[in-house]
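Trainee: Enclosed is the structure file target_22.txt (compact mmCIF, C-alpha atoms).
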```
# COMPACT_ATOMS: atom_id res chain seq x y z
CA MET A 20 114.68 92.36 103.73
CA ARG A 21 118.25 91.62 102.95
CA GLN A 22 119.63 93.23 99.81
CA ARG A 23 123.31 92.47 99.94
CA ALA A 24 125.92 91.53 97.37
CA GLY A 25 128.03 89.93 100.09
CA THR A 26 130.77 90.64 102.63
CA GLY A 27 131.68 94.27 102.91
CA ALA A 28 128.96 95.26 100.52
CA GLY A 29 125.98 95.21 102.88
CA ARG A 30 122.69 95.80 101.20
CA GLU A 31 123.32 96.68 97.59
CA ARG A 32 124.51 100.19 97.24
CA ALA A 33 121.98 102.65 95.93
CA GLY A 34 123.08 104.89 93.17
CA ALA A 35 125.32 102.41 91.38
CA GLY A 36 123.66 103.47 88.19
CA ARG A 37 123.78 107.23 88.75
CA GLY A 38 123.75 109.21 85.54
CA GLN A 39 126.93 110.94 84.43
CA THR A 40 127.37 114.62 83.59
CA GLY A 41 126.64 115.54 80.01
CA ALA A 42 128.78 117.45 77.57
CA GLY A 43 127.81 120.88 78.85
CA SER A 44 125.37 122.85 80.93
CA ALA A 45 123.63 124.21 77.86
CA CYS A 46 122.59 120.66 76.95
CA LEU A 47 121.74 119.55 80.46
CA CYS A 48 119.23 122.24 81.32
CA PRO A 49 116.68 121.58 78.56
CA ARG A 50 116.89 117.82 79.08
CA THR A 51 116.43 118.08 82.83
CA SER A 52 113.53 120.47 82.41
CA GLY A 53 111.89 118.23 79.81
CA ALA A 54 112.25 115.11 81.96
CA HIS A 55 110.82 116.97 84.93
CA SER A 56 107.86 118.15 82.85
CA VAL A 57 107.18 114.61 81.68
CA ASP A 58 107.32 113.31 85.27
CA VAL A 59 104.95 116.01 86.50
CA ALA A 60 102.57 115.43 83.60
CA ALA A 61 102.54 111.68 84.28
CA MET A 62 101.79 112.22 87.98
CA VAL A 63 99.00 114.71 87.18
CA TRP A 64 97.55 112.20 84.70
CA LEU A 65 97.62 109.41 87.32
CA PHE A 66 96.02 111.53 90.02
CA GLY A 67 93.23 112.31 87.59
CA TYR A 68 92.25 108.63 87.67
CA VAL A 69 92.91 107.89 91.34
CA ASP A 70 90.96 108.83 94.45
CA VAL A 71 93.80 109.17 96.96
CA THR A 72 91.27 109.83 99.76
CA ASP A 73 89.76 106.36 99.37
CA THR A 74 90.20 104.38 102.58
CA GLY A 75 91.53 101.29 100.81
CA PHE A 76 94.10 103.35 98.93
CA MET A 77 95.33 105.05 102.11
CA VAL A 78 95.58 101.70 103.91
CA ALA A 79 97.67 100.35 101.02
CA VAL A 80 100.01 103.35 101.19
CA LEU A 81 100.43 102.89 104.95
CA SER A 82 101.15 99.17 104.59
CA ILE A 83 103.75 99.87 101.90
CA ALA A 84 105.49 102.50 104.03
CA PHE A 85 105.25 100.48 107.26
CA ASN A 86 107.05 97.32 106.14
CA PRO A 87 110.60 98.66 105.56
CA LEU A 88 110.23 100.90 108.63
CA PHE A 89 109.30 97.89 110.72
CA TRP A 90 112.17 95.64 109.69
CA ASN A 91 114.75 98.41 109.94
CA VAL A 92 113.66 99.50 113.42
CA VAL A 93 113.48 95.92 114.75
CA ALA A 94 116.77 94.88 113.14
CA ARG A 95 118.66 97.89 114.49
CA TRP A 96 117.17 97.33 117.92
CA GLU A 97 118.35 93.72 117.78
CA HIS A 98 121.82 94.77 116.64
CA LYS A 99 122.09 97.19 119.54
CA THR A 100 120.57 95.08 122.33
CA ARG A 101 120.58 91.43 121.14
CA ALA A 102 117.18 91.27 122.83
CA LEU A 103 115.53 89.04 120.22
CA SER A 104 118.42 86.58 120.30
CA GLN A 105 118.03 86.33 124.07
CA ILE A 106 114.26 85.93 123.87
CA PHE A 107 114.37 83.19 121.21
CA GLY A 108 117.50 81.50 122.51
CA SER A 109 119.79 82.05 119.52
CA PRO A 110 120.47 84.57 116.73
CA HIS A 111 119.33 82.08 114.08
CA ALA A 112 115.98 81.41 115.77
CA ALA A 113 115.41 85.16 116.24
CA CYS A 114 116.28 85.87 112.60
CA TYR A 115 113.90 83.18 111.38
CA CYS A 116 111.07 84.63 113.51
CA LEU A 117 111.69 88.12 112.15
CA GLY A 118 111.79 86.70 108.62
CA VAL A 119 108.41 85.04 109.09
CA ALA A 120 106.97 88.30 110.44
CA ILE A 121 108.28 90.18 107.39
CA LEU A 122 106.75 87.60 105.04
CA VAL A 123 103.38 87.91 106.78
CA LEU A 124 103.52 91.70 106.54
CA ASN A 125 104.39 91.45 102.85
CA CYS A 126 101.33 89.27 102.29
CA VAL A 127 99.20 91.87 104.06
CA ARG A 128 100.74 94.59 101.89
CA SER A 129 99.98 92.66 98.71
CA HIS A 130 96.39 92.11 99.83
CA CYS A 131 95.92 95.82 100.59
CA PHE A 132 97.51 96.70 97.25
CA THR A 133 95.12 94.43 95.37
CA GLU A 134 92.04 95.60 97.25
CA ALA A 135 92.98 99.22 96.59
CA MET A 136 93.18 98.50 92.87
CA LYS A 137 89.79 96.79 92.89
CA SER A 138 88.17 99.81 94.56
CA GLN A 139 89.44 102.21 91.89
CA PRO A 140 88.44 102.50 88.21
CA LYS A 141 90.32 100.78 85.42
CA LEU A 142 91.79 102.58 82.45
CA GLU A 143 89.67 101.19 79.63
CA SER A 144 92.27 101.81 76.92
CA TRP A 145 94.67 99.53 78.81
CA ASP A 146 92.14 96.79 79.48
CA CYS A 147 93.34 94.57 76.64
CA LEU A 148 95.37 91.42 76.03
CA TRP A 149 98.51 93.32 75.00
CA THR A 150 98.68 95.21 78.30
CA TYR A 151 97.76 92.11 80.27
CA TYR A 152 100.56 89.99 78.80
CA THR A 153 103.06 92.84 79.11
CA GLY A 154 102.23 93.04 82.80
CA LEU A 155 102.46 89.27 83.12
CA ALA A 156 105.94 89.29 81.56
CA ILE A 157 107.13 92.09 83.87
CA SER A 158 105.79 90.23 86.92
CA ALA A 159 107.53 87.04 85.77
CA VAL A 160 110.87 88.85 85.50
CA GLY A 161 110.34 90.39 88.94
CA THR A 162 109.52 86.98 90.41
CA LEU A 163 112.70 85.57 88.86
CA PHE A 164 114.78 88.29 90.53
CA VAL A 165 113.12 87.77 93.92
CA ILE A 166 113.45 83.97 93.92
CA SER A 167 117.01 83.93 92.57
CA SER A 168 118.04 86.57 95.13
CA PHE A 169 116.64 84.43 97.92
CA LEU A 170 118.42 81.32 96.65
CA ALA A 171 121.71 83.22 96.37
CA LEU A 172 121.53 84.74 99.86
CA GLY A 173 119.67 82.09 101.83
CA PHE A 174 117.05 82.81 104.50
CA THR A 175 119.29 84.56 107.03
CA GLY A 176 121.11 86.40 104.27
CA THR A 177 117.80 87.68 102.95
CA PHE A 178 116.20 88.60 106.26
CA LEU A 179 118.79 90.79 107.96
CA GLY A 180 120.98 88.05 109.36
CA ASP A 181 123.97 90.36 109.64
CA TYR A 182 122.06 92.51 112.14
CA PHE A 183 121.85 89.36 114.28
CA GLY A 184 125.59 88.73 113.93
CA ILE A 185 125.10 86.10 111.20
CA LEU A 186 127.56 87.45 108.65
CA MET A 187 128.28 86.16 105.17
CA GLU A 188 131.82 84.98 104.53
CA GLU A 189 132.22 86.06 100.94
CA LYS A 190 130.71 88.38 98.40
CA VAL A 191 127.72 87.07 96.46
CA THR A 192 128.29 87.75 92.77
CA SER A 193 126.04 85.15 91.16
CA PHE A 194 122.83 85.98 89.27
CA PRO A 195 120.95 88.27 89.77
CA PHE A 196 123.56 90.27 91.70
CA SER A 197 125.82 90.07 88.66
CA ILE A 198 123.46 92.24 86.61
CA LEU A 199 121.39 94.33 89.03
CA ASP A 200 121.74 96.18 92.32
CA ASN A 201 119.07 95.43 94.93
CA PRO A 202 117.46 92.66 92.82
CA MET A 203 114.99 91.64 95.52
CA TYR A 204 113.71 95.16 96.06
CA TRP A 205 113.43 95.98 92.38
CA GLY A 206 112.10 92.52 91.60
CA SER A 207 109.30 93.13 94.10
CA THR A 208 108.64 96.52 92.52
CA ALA A 209 108.44 94.89 89.08
CA ILE A 210 105.90 92.38 90.37
CA TYR A 211 103.65 95.20 91.55
CA LEU A 212 104.13 97.08 88.29
CA GLY A 213 103.17 94.01 86.28
CA TRP A 214 100.20 93.32 88.55
CA SER A 215 99.00 96.89 88.01
CA LEU A 216 99.25 96.60 84.23
CA MET A 217 97.41 93.28 84.28
CA HIS A 218 94.55 95.05 86.08
CA ALA A 219 94.79 98.20 83.88
CA SER A 220 94.91 100.10 87.16
CA PRO A 221 96.15 103.70 87.46
CA ALA A 222 95.83 103.31 91.24
CA GLY A 223 98.15 100.32 91.04
CA LEU A 224 100.71 102.34 89.09
CA LEU A 225 100.63 105.08 91.71
CA LEU A 226 101.00 102.55 94.51
CA THR A 227 103.90 100.96 92.62
CA ALA A 228 105.59 104.36 92.64
CA VAL A 229 105.11 104.42 96.43
CA VAL A 230 106.72 100.97 96.63
CA ALA A 231 109.72 102.17 94.59
CA ILE A 232 110.11 105.28 96.75
CA SER A 233 109.91 103.28 100.00
CA TYR A 234 112.56 100.84 98.77
CA THR A 235 114.82 103.68 97.60
CA ILE A 236 114.64 105.26 101.04
CA ALA A 237 115.26 101.87 102.66
CA VAL A 238 118.41 101.30 100.59
CA LEU A 239 119.77 104.76 101.43
CA TYR A 240 119.03 104.18 105.11
CA GLU A 241 120.29 100.60 105.35
CA GLY A 242 123.38 100.70 103.16
CA PRO A 243 125.77 102.76 105.32
CA PHE A 244 124.76 100.94 108.51
CA THR A 245 125.32 97.51 107.02
CA GLU A 246 128.61 98.60 105.47
CA GLU A 247 129.76 99.60 108.94
CA ILE A 248 128.88 96.14 110.31
CA TYR A 249 131.20 94.52 107.78
CA ARG A 250 133.94 97.10 108.27
CA ARG A 251 133.97 96.24 111.97
CA LYS A 252 134.15 92.57 111.07
CA GLN A 253 137.16 93.16 108.83
CA LYS A 254 138.90 95.20 111.54
CA GLY A 255 138.27 92.39 114.02
CA VAL A 256 139.79 89.80 111.66
CA LYS A 257 142.87 91.94 111.01
CA SER A 258 143.45 92.61 114.72
CA LYS A 259 143.63 88.88 115.54
```
Go ahead and express the file in the form of structure tokens.

Mentor:
Amino acid sequence: MRQRAGTGAGRERAGAGRGQTGAGSACLCPRTSGAHSVDVAAMVWLFGYVDVTDTGFMVAVLSIAFNPLFWNVVARWEHKTRALSQIFGSPHAACYCLGVAILVLNCVRSHCFTEAMKSQPKLESWDCLWTYYTGLAISAVGTLFVISSFLALGFTGTFLGDYFGILMEEKVTSFPFSILDNPMYWGSTAIYLGWSLMHASPAGLLLTAVVAISYTIAVLYEGPFTEEIYRRKQKGVKSK
């Protein structure tokens, strides 16, 4: 899916919020080690509650990983060959068909995610109103980011229109792009995180981590390619 701030920006650049170097190496080492220990401990704790060999869980992982792979492979193939535009008669029609396919796959992913949570045990200490409403609030924020991103970019802007030659004319700086990089990706991740908390599901939390990792890889993979598309556009405008 499209994650772009606008012309020349491509999909939002990953790493915009990279941490800065601390005051000295003596301070950095203990902090890094401590953070790593916390991360490892959290993952060990999650795996203690999750059966990763469960068929439903594995299907959910595959569906999460497949979606960004699918739209990147198809979009790059289209950019190279224009085959979809020829098949459907125009770049816009082809882009709309790919967008519908992505939406269907996302629905399948959400279904697999939910079924995987249902097949795994809940964490009883989280099965309370406080956790439920916290998850509901996080999902609401994520939904806000997803919907507002779509409204700011439009359908073709959201679903890889630039790979079809449908380029945006100016940079999108309105909300939520004014406060967050990749708002649609991270909004979707927040929805899954909230959904997991609402179900008090350790399996859901682990699957949410898979969602975050898949989107991070997608951003790193997509960003440079999309930047190059807009650089070529700028060179073409200047040469006229």

Trainee: At a cut-off of 8 Å from (120.2, 93.1, 114.4) in the coordinates of the file, what residues are picked up using all atoms listed in the file, written as a PyMOL selection string?

Mentor: chain A and resi 93-99+101+179-184

Trainee: Counting all atoms listed in the file, what are the residues of stretch 59-147 of chain A within 9 Å of stretch 230-247 of chain A, and for each of them which pair of atoms is the nearest and at what distance in Å, to one decimal? Sort the table by chain and rising number, as a tab-separated table.

Mentor:
```
residue	atom	partner	partner_atom	distance
A:Val80	CA	A:Val230	CA	8.5
A:Ile83	CA	A:Val230	CA	6.1
A:Ala84	CA	A:Ser233	CA	6.0
A:Pro87	CA	A:Ala237	CA	6.4
A:Leu88	CA	A:Ala237	CA	7.9
A:Asn91	CA	A:Glu241	CA	7.5
```

Trainee: What gap, in Å, lies between atom CA of A:Gln105 and atom CA of A:Leu122?

Mentor: 22.2 Å

Trainee: One decimal, Å: what's the distance from atom CA of A:Phe76 over to atom CA of A:Trp90, could you say?

Mentor: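 So the two atoms, atom CA of A:Phe76 and atom CA of A:Trp90, lie 22.4 Å apart.
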
Trainee: For a test of reading the model, state the distance in Å between atom CA of A:Leu103 and atom CA of A:Ile185, rounded to one decimal.

Mentor: 13.5 Å
